[in-house]
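Engineer: Take a look at target_12.cif, mmCIF, C-alpha atoms:
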```cif
data_my_file
loop_
_atom_site.group_PDB
_atom_site.id
_atom_site.type_symbol
_atom_site.label_atom_id
_atom_site.label_comp_id
_atom_site.auth_asym_id
_atom_site.auth_seq_id
_atom_site.Cartn_x
_atom_site.Cartn_y
_atom_site.Cartn_z
ATOM 1 C CA MET A 29 0.000 0.000 0.000
ATOM 2 C CA MET A 30 1.258 3.483 -0.849
ATOM 3 C CA LYS A 31 1.714 5.741 2.118
ATOM 4 C CA LYS A 32 -0.834 8.565 2.350
ATOM 5 C CA LYS A 33 -0.184 12.303 2.334
ATOM 6 C CA ILE A 34 -2.958 13.822 4.436
ATOM 7 C CA VAL A 35 -4.050 17.357 5.238
ATOM 8 C CA VAL A 36 -6.004 17.754 8.467
ATOM 9 C CA ALA A 37 -7.833 21.063 8.755
ATOM 10 C CA VAL A 38 -9.553 22.063 11.975
ATOM 11 C CA THR A 39 -12.240 24.752 11.982
ATOM 12 C CA GLY A 40 -13.970 26.502 14.859
ATOM 13 C CA ALA A 41 -17.042 24.269 14.962
ATOM 14 C CA SER A 42 -17.728 22.550 18.253
ATOM 15 C CA GLY A 43 -16.269 19.047 18.342
ATOM 16 C CA SER A 44 -12.545 19.510 18.905
ATOM 17 C CA ILE A 45 -12.483 16.013 20.376
ATOM 18 C CA TYR A 46 -12.872 14.630 16.848
ATOM 19 C CA ALA A 47 -9.792 16.506 15.637
ATOM 20 C CA LYS A 48 -7.758 15.461 18.670
ATOM 21 C CA LEU A 49 -8.690 11.792 18.362
ATOM 22 C CA LEU A 50 -7.988 11.831 14.613
ATOM 23 C CA LEU A 51 -4.529 13.342 15.122
ATOM 24 C CA ASP A 52 -3.854 10.819 17.912
ATOM 25 C CA LYS A 53 -4.892 7.946 15.612
ATOM 26 C CA LEU A 54 -2.798 9.243 12.710
ATOM 27 C CA GLN A 55 0.223 9.210 15.026
ATOM 28 C CA GLN A 56 -0.499 5.561 15.817
ATOM 29 C CA LEU A 57 -0.858 4.669 12.125
ATOM 30 C CA HIS A 58 2.387 6.443 11.126
ATOM 31 C CA ASP A 59 3.679 3.402 9.211
ATOM 32 C CA GLN A 60 0.898 3.934 6.631
ATOM 33 C CA ILE A 61 1.448 7.683 6.315
ATOM 34 C CA ALA A 62 4.053 9.604 4.344
ATOM 35 C CA GLU A 63 3.061 13.018 5.704
ATOM 36 C CA VAL A 64 0.425 14.794 7.755
ATOM 37 C CA ALA A 65 0.005 18.549 7.423
ATOM 38 C CA VAL A 66 -2.191 20.462 9.851
ATOM 39 C CA VAL A 67 -3.897 23.835 9.487
ATOM 40 C CA MET A 68 -6.199 25.373 12.082
ATOM 41 C CA SER A 69 -8.424 28.413 12.015
ATOM 42 C CA ASP A 70 -8.073 30.927 14.844
ATOM 43 C CA ASN A 71 -11.443 29.875 16.222
ATOM 44 C CA ALA A 72 -10.400 26.213 16.098
ATOM 45 C CA LYS A 73 -7.626 26.864 18.596
ATOM 46 C CA LEU A 74 -9.964 28.784 20.899
ATOM 47 C CA VAL A 75 -12.677 26.117 20.751
ATOM 48 C CA TRP A 76 -10.114 23.311 21.283
ATOM 49 C CA GLU A 77 -8.748 25.027 24.390
ATOM 50 C CA PHE A 78 -12.262 25.700 25.724
ATOM 51 C CA GLU A 79 -13.718 22.255 25.045
ATOM 52 C CA LEU A 80 -10.673 20.133 25.909
ATOM 53 C CA ASP A 81 -9.159 22.379 28.619
ATOM 54 C CA ASP A 82 -5.708 22.225 27.043
ATOM 55 C CA ALA A 83 -3.562 23.500 24.189
ATOM 56 C CA SER A 84 -2.451 20.048 23.055
ATOM 57 C CA HIS A 85 -3.042 21.101 19.441
ATOM 58 C CA ASP A 86 0.538 22.403 19.603
ATOM 59 C CA ASN A 87 1.984 19.059 20.750
ATOM 60 C CA TYR A 88 1.704 16.959 17.602
ATOM 61 C CA PRO A 89 4.753 15.978 15.540
ATOM 62 C CA PHE A 90 3.046 17.041 12.314
ATOM 63 C CA LYS A 91 4.018 20.143 10.370
ATOM 64 C CA THR A 92 1.509 22.935 10.956
ATOM 65 C CA TYR A 93 0.699 25.805 8.636
ATOM 66 C CA ASP A 94 -0.819 29.207 9.228
ATOM 67 C CA LYS A 95 -4.298 29.651 7.757
ATOM 68 C CA LYS A 96 -2.968 32.414 5.479
ATOM 69 C CA ASP A 97 0.084 30.470 4.212
ATOM 70 C CA PHE A 98 -0.759 30.078 0.552
ATOM 71 C CA MET A 99 2.820 28.842 -0.017
ATOM 72 C CA ALA A 100 2.019 25.608 1.866
ATOM 73 C CA PRO A 101 2.670 22.627 -0.403
ATOM 74 C CA PHE A 102 -0.948 21.429 -0.375
ATOM 75 C CA ALA A 103 -2.113 24.798 -1.744
ATOM 76 C CA SER A 104 -1.073 23.326 -5.108
ATOM 77 C CA GLY A 105 -2.070 20.079 -6.751
ATOM 78 C CA SER A 106 1.535 19.373 -7.685
ATOM 79 C CA ALA A 107 2.312 18.480 -4.044
ATOM 80 C CA ARG A 108 0.100 15.400 -4.502
ATOM 81 C CA PHE A 109 -1.583 15.245 -1.125
ATOM 82 C CA ASP A 110 -4.179 12.550 -1.683
ATOM 83 C CA THR A 111 -6.595 13.193 1.180
ATOM 84 C CA MET A 112 -7.900 16.169 3.129
ATOM 85 C CA VAL A 113 -10.055 15.914 6.234
ATOM 86 C CA VAL A 114 -11.793 18.985 7.653
ATOM 87 C CA VAL A 115 -12.642 18.040 11.235
ATOM 88 C CA PRO A 116 -14.793 19.435 12.671
ATOM 89 C CA CYS A 117 -16.131 21.278 9.640
ATOM 90 C CA SER A 118 -18.145 24.401 10.381
ATOM 91 C CA MET A 119 -21.083 25.297 8.169
ATOM 92 C CA GLY A 120 -19.273 28.518 7.233
ATOM 93 C CA MET A 121 -16.270 26.569 5.922
ATOM 94 C CA LEU A 122 -18.568 24.105 4.176
ATOM 95 C CA GLY A 123 -20.257 27.051 2.446
ATOM 96 C CA ARG A 124 -16.959 28.591 1.361
ATOM 97 C CA ILE A 125 -15.768 25.252 -0.021
ATOM 98 C CA ALA A 126 -19.093 24.674 -1.817
ATOM 99 C CA SER A 127 -18.937 28.097 -3.459
ATOM 100 C CA GLY A 128 -15.241 27.891 -4.388
ATOM 101 C CA VAL A 129 -14.210 30.804 -2.181
ATOM 102 C CA SER A 130 -10.519 30.260 -1.401
ATOM 103 C CA ASP A 131 -9.956 33.017 1.140
ATOM 104 C CA ASP A 132 -7.717 31.008 3.484
ATOM 105 C CA LEU A 133 -5.497 27.930 3.334
ATOM 106 C CA ILE A 134 -8.268 25.548 4.410
ATOM 107 C CA SER A 135 -10.677 26.564 1.653
ATOM 108 C CA ARG A 136 -7.841 26.797 -0.915
ATOM 109 C CA ALA A 137 -6.576 23.308 -0.058
ATOM 110 C CA ALA A 138 -10.114 21.889 -0.262
ATOM 111 C CA ASP A 139 -10.516 23.513 -3.681
ATOM 112 C CA VAL A 140 -7.220 21.942 -4.811
ATOM 113 C CA ILE A 141 -8.221 18.492 -3.539
ATOM 114 C CA LEU A 142 -11.544 18.700 -5.401
ATOM 115 C CA LYS A 143 -10.053 19.989 -8.659
ATOM 116 C CA GLU A 144 -7.426 17.235 -8.590
ATOM 117 C CA ARG A 145 -10.189 14.631 -8.005
ATOM 118 C CA ARG A 146 -8.670 13.524 -4.724
ATOM 119 C CA LYS A 147 -10.434 12.648 -1.472
ATOM 120 C CA LEU A 148 -12.027 15.477 0.543
ATOM 121 C CA ILE A 149 -13.769 14.418 3.764
ATOM 122 C CA LEU A 150 -15.804 17.037 5.622
ATOM 123 C CA VAL A 151 -16.766 16.035 9.164
ATOM 124 C CA ALA A 152 -19.735 18.368 9.435
ATOM 125 C CA ARG A 153 -20.635 19.245 13.006
ATOM 126 C CA ASP A 154 -23.797 21.285 13.343
ATOM 127 C CA THR A 155 -27.455 20.720 14.067
ATOM 128 C CA PRO A 156 -30.137 21.381 13.032
ATOM 129 C CA LEU A 157 -29.406 21.958 9.365
ATOM 130 C CA ASN A 158 -31.072 24.596 7.256
ATOM 131 C CA LEU A 159 -31.659 24.341 3.525
ATOM 132 C CA ILE A 160 -28.505 26.338 2.743
ATOM 133 C CA HIS A 161 -26.404 23.789 4.669
ATOM 134 C CA ILE A 162 -28.091 20.890 2.880
ATOM 135 C CA ARG A 163 -27.588 22.472 -0.543
ATOM 136 C CA ASN A 164 -23.932 23.190 0.255
ATOM 137 C CA MET A 165 -23.511 19.533 1.246
ATOM 138 C CA GLN A 166 -25.123 18.514 -2.034
ATOM 139 C CA THR A 167 -22.792 20.798 -4.005
ATOM 140 C CA VAL A 168 -19.680 19.419 -2.289
ATOM 141 C CA THR A 169 -20.908 15.851 -2.782
ATOM 142 C CA GLU A 170 -21.588 16.449 -6.483
ATOM 143 C CA ALA A 171 -18.058 17.901 -6.787
ATOM 144 C CA GLY A 172 -16.620 14.658 -5.387
ATOM 145 C CA GLY A 173 -16.350 15.438 -1.678
ATOM 146 C CA ILE A 174 -17.557 13.194 1.119
ATOM 147 C CA ILE A 175 -19.802 14.577 3.846
ATOM 148 C CA CYS A 176 -19.218 12.520 6.988
ATOM 149 C CA PRO A 177 -21.391 14.052 9.698
ATOM 150 C CA ALA A 178 -20.042 13.791 13.229
ATOM 151 C CA ILE A 179 -22.816 11.395 14.185
ATOM 152 C CA PRO A 180 -21.497 8.678 16.480
ATOM 153 C CA SER A 181 -22.715 5.093 16.424
ATOM 154 C CA TYR A 182 -23.853 3.187 19.494
ATOM 155 C CA TYR A 183 -23.775 -0.479 18.459
ATOM 156 C CA SER A 184 -20.204 -0.851 19.804
ATOM 157 C CA LYS A 185 -21.614 0.171 23.214
ATOM 158 C CA PRO A 186 -19.140 3.002 23.926
ATOM 159 C CA LYS A 187 -18.687 3.761 27.609
ATOM 160 C CA THR A 188 -16.895 7.122 27.508
ATOM 161 C CA ILE A 189 -17.169 10.320 25.503
ATOM 162 C CA GLU A 190 -13.835 9.450 23.867
ATOM 163 C CA GLU A 191 -15.082 5.984 22.846
ATOM 164 C CA LEU A 192 -18.256 7.534 21.458
ATOM 165 C CA ALA A 193 -16.343 10.168 19.462
ATOM 166 C CA MET A 194 -13.934 7.481 18.279
ATOM 167 C CA THR A 195 -16.796 5.803 16.390
ATOM 168 C CA VAL A 196 -16.790 8.836 14.078
ATOM 169 C CA VAL A 197 -12.991 8.988 13.859
ATOM 170 C CA ASN A 198 -12.787 5.294 12.978
ATOM 171 C CA ARG A 199 -15.213 5.930 10.126
ATOM 172 C CA VAL A 200 -12.983 8.787 8.912
ATOM 173 C CA ILE A 201 -9.917 6.515 9.090
ATOM 174 C CA ASP A 202 -11.794 3.993 6.924
ATOM 175 C CA LEU A 203 -12.726 6.725 4.436
ATOM 176 C CA ILE A 204 -9.069 7.833 4.229
ATOM 177 C CA GLY A 205 -8.222 4.245 3.322
ATOM 178 C CA LEU A 206 -5.979 3.366 6.251
ATOM 179 C CA GLU A 207 -5.890 -0.073 7.856
ATOM 180 C CA ASN A 208 -7.273 0.237 11.361
ATOM 181 C CA GLU A 209 -8.543 -2.166 13.968
ATOM 182 C CA SER A 210 -11.911 -0.985 15.186
ATOM 183 C CA TYR A 211 -15.340 -2.345 15.969
ATOM 184 C CA ARG A 212 -17.002 -3.858 12.908
ATOM 185 C CA TRP A 213 -20.724 -4.521 12.738
ATOM 186 C CA GLU A 214 -21.324 -8.250 12.559
ATOM 187 C CA GLY A 215 -25.092 -8.134 12.783
ATOM 188 C CA ILE A 216 -27.241 -9.548 15.539
#
```
How does the structure come out when it is put into structure tokens?
Structural biologist:
Amino acid sequence: MMKKKIVVAVTGASGSIYAKLLLDKLQQLHDQIAEVAVVMSDNAKLVWEFELDDASHDNYPFKTYDKKDFMAPFASGSARFDTMVVVPCSMGMLGRIASGVSDDLISRAADVILKERRKLILVARDTPLNLIHIRNMQTVTEAGGIICPAIPSYYSKPKTIEELAMTVVNRVIDLIGLENESYRWEGI
């Protein structure tokens, strides 16, 4: 299997636990990964620190990029990053991606991933949804993106918030195409 080059973008939507658990899991799966690049919005850092009571977003061994760094390698298709995950994905970022507005590195990188026909996974985290959100999801889906709502599953009988959130992260890991041991539905 070819090693993956992955961009992880974190927006200011609630659900920082999903981003943290994904970055933790990517560290564990390092033998399948060539590179992980991380970009966070300003609000993402604030929400992370509020929700998780720490600034551990600065403690990962991955290269991080400023949201205005349009010289980042994944701002161009020639860098050949094959997957981008926006986790959690705010409805504002979803809207900018759907409309092709590349006003920061996150939206530019998403535009590049879509135009290069590579894998864009948006872990949408908002409820309820209005018609604008639904139409933006449709637009991104029709452009080749994957909407993976942060909706946990319960059939694995998670006992902690982390285990519950991990049901979403494990689904994202599957969508990226990484080998991962996790609960698999076997039926009843």
Engineer: Check which residues satisfy the PyMOL selection byres ((chain A and resi 84) around 12) in the file shown, then give them as a VMD selection string.
Structural biologist: chain A and resid 44 to 45 47 to 49 51 to 52 73 to 74 76 to 83 85 to 89
Engineer: For a test of reading the model, state the distance in Å between atom CA of Lys53 of chain A and atom CA of Arg153 of chain A, rounded to one decimal.
Structural biologist: 19.6 Å
Engineer: Need to verify the contact set: segment 38-40 of chain A, 8 Å, all atoms listed in the file, exclusion of same-chain residues closer than 2 positions in sequence. Can you return it as a list in words?
Structural biologist: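 Using all atoms listed in the file, the neighbours found are Val36, Ser42, Ser44, Ala47, Val66, Val67, Met68, Ser69, Asp70, Asn71, Ala72, Lys73, Leu74, Val75, Val114, Val115, Pro116, Cys117, Ser118 and Met121 of chain A.
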Engineer: Which of these residues is nearest to Gly120 of chain A, using all atoms listed in the file: A:Leu54, A:Val151, A:Ala41, A:Ile141?
Structural biologist: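 The answer is A:Ala41, which sits nearest to Gly120 of chain A.
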Engineer: Quick one: residues within 9 Å of (-9.4, 18.5, 2.0) (file frame), counting only C-alpha atoms, please, as a list of chain:residue names.
Structural biologist: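 I get A:Ile34, A:Val35, A:Val36, A:Ala37, A:Asp110, A:Thr111, A:Met112, A:Val113, A:Val114, A:Ile134, A:Ser135, A:Arg136, A:Ala137, A:Ala138, A:Asp139, A:Val140, A:Ile141, A:Leu142, A:Arg146, A:Lys147, A:Leu148, A:Ile149, A:Leu150, A:Gly173 for the residues within 9 Å of that point.
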Engineer: Take the selection from the previous step and output its residues with C-alpha atoms, as a CSV table (one decimal), in the coordinates of the input.
Structural biologist:
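Written file, result-v2.csv:
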```
chain,number,residue,atom,x,y,z
A,34,ILE,CA,-3.0,13.8,4.4
A,35,VAL,CA,-4.0,17.4,5.2
A,36,VAL,CA,-6.0,17.8,8.5
A,37,ALA,CA,-7.8,21.1,8.8
A,110,ASP,CA,-4.2,12.6,-1.7
A,111,THR,CA,-6.6,13.2,1.2
A,112,MET,CA,-7.9,16.2,3.1
A,113,VAL,CA,-10.1,15.9,6.2
A,114,VAL,CA,-11.8,19.0,7.7
A,134,ILE,CA,-8.3,25.5,4.4
A,135,SER,CA,-10.7,26.6,1.7
A,136,ARG,CA,-7.8,26.8,-0.9
A,137,ALA,CA,-6.6,23.3,-0.1
A,138,ALA,CA,-10.1,21.9,-0.3
A,139,ASP,CA,-10.5,23.5,-3.7
A,140,VAL,CA,-7.2,21.9,-4.8
A,141,ILE,CA,-8.2,18.5,-3.5
A,142,LEU,CA,-11.5,18.7,-5.4
A,146,ARG,CA,-8.7,13.5,-4.7
A,147,LYS,CA,-10.4,12.6,-1.5
A,148,LEU,CA,-12.0,15.5,0.5
A,149,ILE,CA,-13.8,14.4,3.8
A,150,LEU,CA,-15.8,17.0,5.6
A,173,GLY,CA,-16.4,15.4,-1.7
```
Engineer: To verify the selection step, state as a PyMOL selection string which residues the PyMOL selection byres ((chain A and resi 132) around 8) yields on this input.
Structural biologist: chain A and resi 95-98+130-131+133-136
Engineer: Would you compute the distance between atom CA of Ala152 of chain A and atom CA of Met119 of chain A? Give it in Å to one decimal.
Structural biologist: 7.2 Å
Engineer: Quick one: residues within 9 Å of segment 181-190 of chain A, all atoms listed in the file counted, chain neighbours fewer than 5 positions away excluded, as a list in words?
Structural biologist: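 The residues that qualify are Ile45, Tyr46, Leu49, Thr195, Val196, Tyr211, Arg212 and Trp213 of chain A.
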Engineer: Which of these residues is nearest to Leu50 of chain A, using all atoms listed in the file: A:Met194, A:Ile160, A:Asp202, A:Ser210?
Structural biologist: A:Met194
Engineer: Please determine, counting all atoms listed in the file, which residue among A:Leu203, A:Ile179, A:Leu159, A:Ala100 has the shortest atom-to-atom distance to Ala65 of chain A.
Structural biologist: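 Looking only at the distances to Ala65 of chain A, the closest residue turns out to be A:Ala100.
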Engineer: Saving segment 106-140 of chain A with N, CA and C atoms, as an mmCIF file, in the first residue's frame, what would that file be?
Structural biologist:
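That gives us decode_32.cif:
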```
data_model
loop_
_atom_site.group_PDB
_atom_site.id
_atom_site.type_symbol
_atom_site.label_atom_id
_atom_site.label_comp_id
_atom_site.auth_asym_id
_atom_site.auth_seq_id
_atom_site.Cartn_x
_atom_site.Cartn_y
_atom_site.Cartn_z
ATOM 1 N N SER A 106 0.272 20.041 -7.366
ATOM 2 C CA SER A 106 1.535 19.373 -7.685
ATOM 3 C C SER A 106 2.181 18.715 -6.466
ATOM 4 N N ALA A 107 1.757 19.082 -5.261
ATOM 5 C CA ALA A 107 2.312 18.480 -4.044
ATOM 6 C C ALA A 107 1.760 17.078 -3.816
ATOM 7 N N ARG A 108 0.676 16.748 -4.484
ATOM 8 C CA ARG A 108 0.100 15.400 -4.502
ATOM 9 C C ARG A 108 -0.315 14.876 -3.131
ATOM 10 N N PHE A 109 -0.915 15.736 -2.331
ATOM 11 C CA PHE A 109 -1.583 15.245 -1.125
ATOM 12 C C PHE A 109 -2.832 14.528 -1.612
ATOM 13 N N ASP A 110 -3.066 13.317 -1.122
ATOM 14 C CA ASP A 110 -4.179 12.550 -1.683
ATOM 15 C C ASP A 110 -5.468 12.654 -0.893
ATOM 16 N N THR A 111 -5.396 13.124 0.346
ATOM 17 C CA THR A 111 -6.595 13.193 1.180
ATOM 18 C C THR A 111 -6.562 14.451 2.027
ATOM 19 N N MET A 112 -7.745 15.049 2.198
ATOM 20 C CA MET A 112 -7.900 16.169 3.129
ATOM 21 C C MET A 112 -9.126 15.888 3.976
ATOM 22 N N VAL A 113 -8.954 16.064 5.290
ATOM 23 C CA VAL A 113 -10.055 15.914 6.234
ATOM 24 C C VAL A 113 -10.251 17.248 6.937
ATOM 25 N N VAL A 114 -11.456 17.778 6.896
ATOM 26 C CA VAL A 114 -11.793 18.985 7.653
ATOM 27 C C VAL A 114 -12.629 18.507 8.834
ATOM 28 N N VAL A 115 -12.038 18.627 10.044
ATOM 29 C CA VAL A 115 -12.642 18.040 11.235
ATOM 30 C C VAL A 115 -12.421 18.921 12.458
ATOM 31 N N PRO A 116 -13.424 19.383 13.139
ATOM 32 C CA PRO A 116 -14.793 19.435 12.671
ATOM 33 C C PRO A 116 -14.916 20.497 11.573
ATOM 34 N N CYS A 117 -15.911 20.339 10.742
ATOM 35 C CA CYS A 117 -16.131 21.278 9.640
ATOM 36 C C CYS A 117 -17.323 22.166 9.971
ATOM 37 N N SER A 118 -17.063 23.445 10.110
ATOM 38 C CA SER A 118 -18.145 24.401 10.381
ATOM 39 C C SER A 118 -18.995 24.577 9.126
ATOM 40 N N MET A 119 -20.211 25.042 9.314
ATOM 41 C CA MET A 119 -21.083 25.297 8.169
ATOM 42 C C MET A 119 -20.559 26.468 7.337
ATOM 43 N N GLY A 120 -19.880 27.412 7.977
ATOM 44 C CA GLY A 120 -19.273 28.518 7.233
ATOM 45 C C GLY A 120 -18.197 28.021 6.287
ATOM 46 N N MET A 121 -17.325 27.116 6.782
ATOM 47 C CA MET A 121 -16.270 26.569 5.922
ATOM 48 C C MET A 121 -16.882 25.698 4.833
ATOM 49 N N LEU A 122 -17.877 24.920 5.177
ATOM 50 C CA LEU A 122 -18.568 24.105 4.176
ATOM 51 C C LEU A 122 -19.110 24.998 3.060
ATOM 52 N N GLY A 123 -19.713 26.119 3.431
ATOM 53 C CA GLY A 123 -20.257 27.051 2.446
ATOM 54 C C GLY A 123 -19.184 27.660 1.558
ATOM 55 N N ARG A 124 -18.049 28.022 2.165
ATOM 56 C CA ARG A 124 -16.959 28.591 1.361
ATOM 57 C C ARG A 124 -16.400 27.543 0.392
ATOM 58 N N ILE A 125 -16.251 26.314 0.858
ATOM 59 C CA ILE A 125 -15.768 25.252 -0.021
ATOM 60 C C ILE A 125 -16.765 25.014 -1.148
ATOM 61 N N ALA A 126 -18.049 24.935 -0.813
ATOM 62 C CA ALA A 126 -19.093 24.674 -1.817
ATOM 63 C C ALA A 126 -19.140 25.763 -2.884
ATOM 64 N N SER A 127 -18.857 27.000 -2.494
ATOM 65 C CA SER A 127 -18.937 28.097 -3.459
ATOM 66 C C SER A 127 -17.600 28.410 -4.126
ATOM 67 N N GLY A 128 -16.541 27.684 -3.755
ATOM 68 C CA GLY A 128 -15.241 27.891 -4.388
ATOM 69 C C GLY A 128 -14.504 29.118 -3.900
ATOM 70 N N VAL A 129 -14.889 29.640 -2.741
ATOM 71 C CA VAL A 129 -14.210 30.804 -2.181
ATOM 72 C C VAL A 129 -12.952 30.324 -1.468
ATOM 73 N N SER A 130 -11.794 30.693 -1.983
ATOM 74 C CA SER A 130 -10.519 30.260 -1.401
ATOM 75 C C SER A 130 -9.866 31.429 -0.679
ATOM 76 N N ASP A 131 -10.460 31.840 0.437
ATOM 77 C CA ASP A 131 -9.956 33.017 1.140
ATOM 78 C C ASP A 131 -8.998 32.685 2.272
ATOM 79 N N ASP A 132 -8.741 31.411 2.524
ATOM 80 C CA ASP A 132 -7.717 31.008 3.484
ATOM 81 C C ASP A 132 -7.156 29.671 3.024
ATOM 82 N N LEU A 133 -6.165 29.158 3.756
ATOM 83 C CA LEU A 133 -5.497 27.930 3.334
ATOM 84 C C LEU A 133 -6.428 26.721 3.373
ATOM 85 N N ILE A 134 -7.353 26.687 4.325
ATOM 86 C CA ILE A 134 -8.268 25.548 4.410
ATOM 87 C C ILE A 134 -9.142 25.479 3.155
ATOM 88 N N SER A 135 -9.794 26.576 2.821
ATOM 89 C CA SER A 135 -10.677 26.564 1.653
ATOM 90 C C SER A 135 -9.893 26.409 0.354
ATOM 91 N N ARG A 136 -8.684 26.963 0.281
ATOM 92 C CA ARG A 136 -7.841 26.797 -0.915
ATOM 93 C C ARG A 136 -7.435 25.332 -1.082
ATOM 94 N N ALA A 137 -6.997 24.708 0.011
ATOM 95 C CA ALA A 137 -6.576 23.308 -0.058
ATOM 96 C C ALA A 137 -7.746 22.405 -0.446
ATOM 97 N N ALA A 138 -8.928 22.677 0.095
ATOM 98 C CA ALA A 138 -10.114 21.889 -0.262
ATOM 99 C C ALA A 138 -10.419 22.048 -1.749
ATOM 100 N N ASP A 139 -10.298 23.262 -2.258
ATOM 101 C CA ASP A 139 -10.516 23.513 -3.681
ATOM 102 C C ASP A 139 -9.520 22.720 -4.529
ATOM 103 N N VAL A 140 -8.259 22.694 -4.095
ATOM 104 C CA VAL A 140 -7.220 21.942 -4.811
ATOM 105 C C VAL A 140 -7.544 20.449 -4.805
#
```
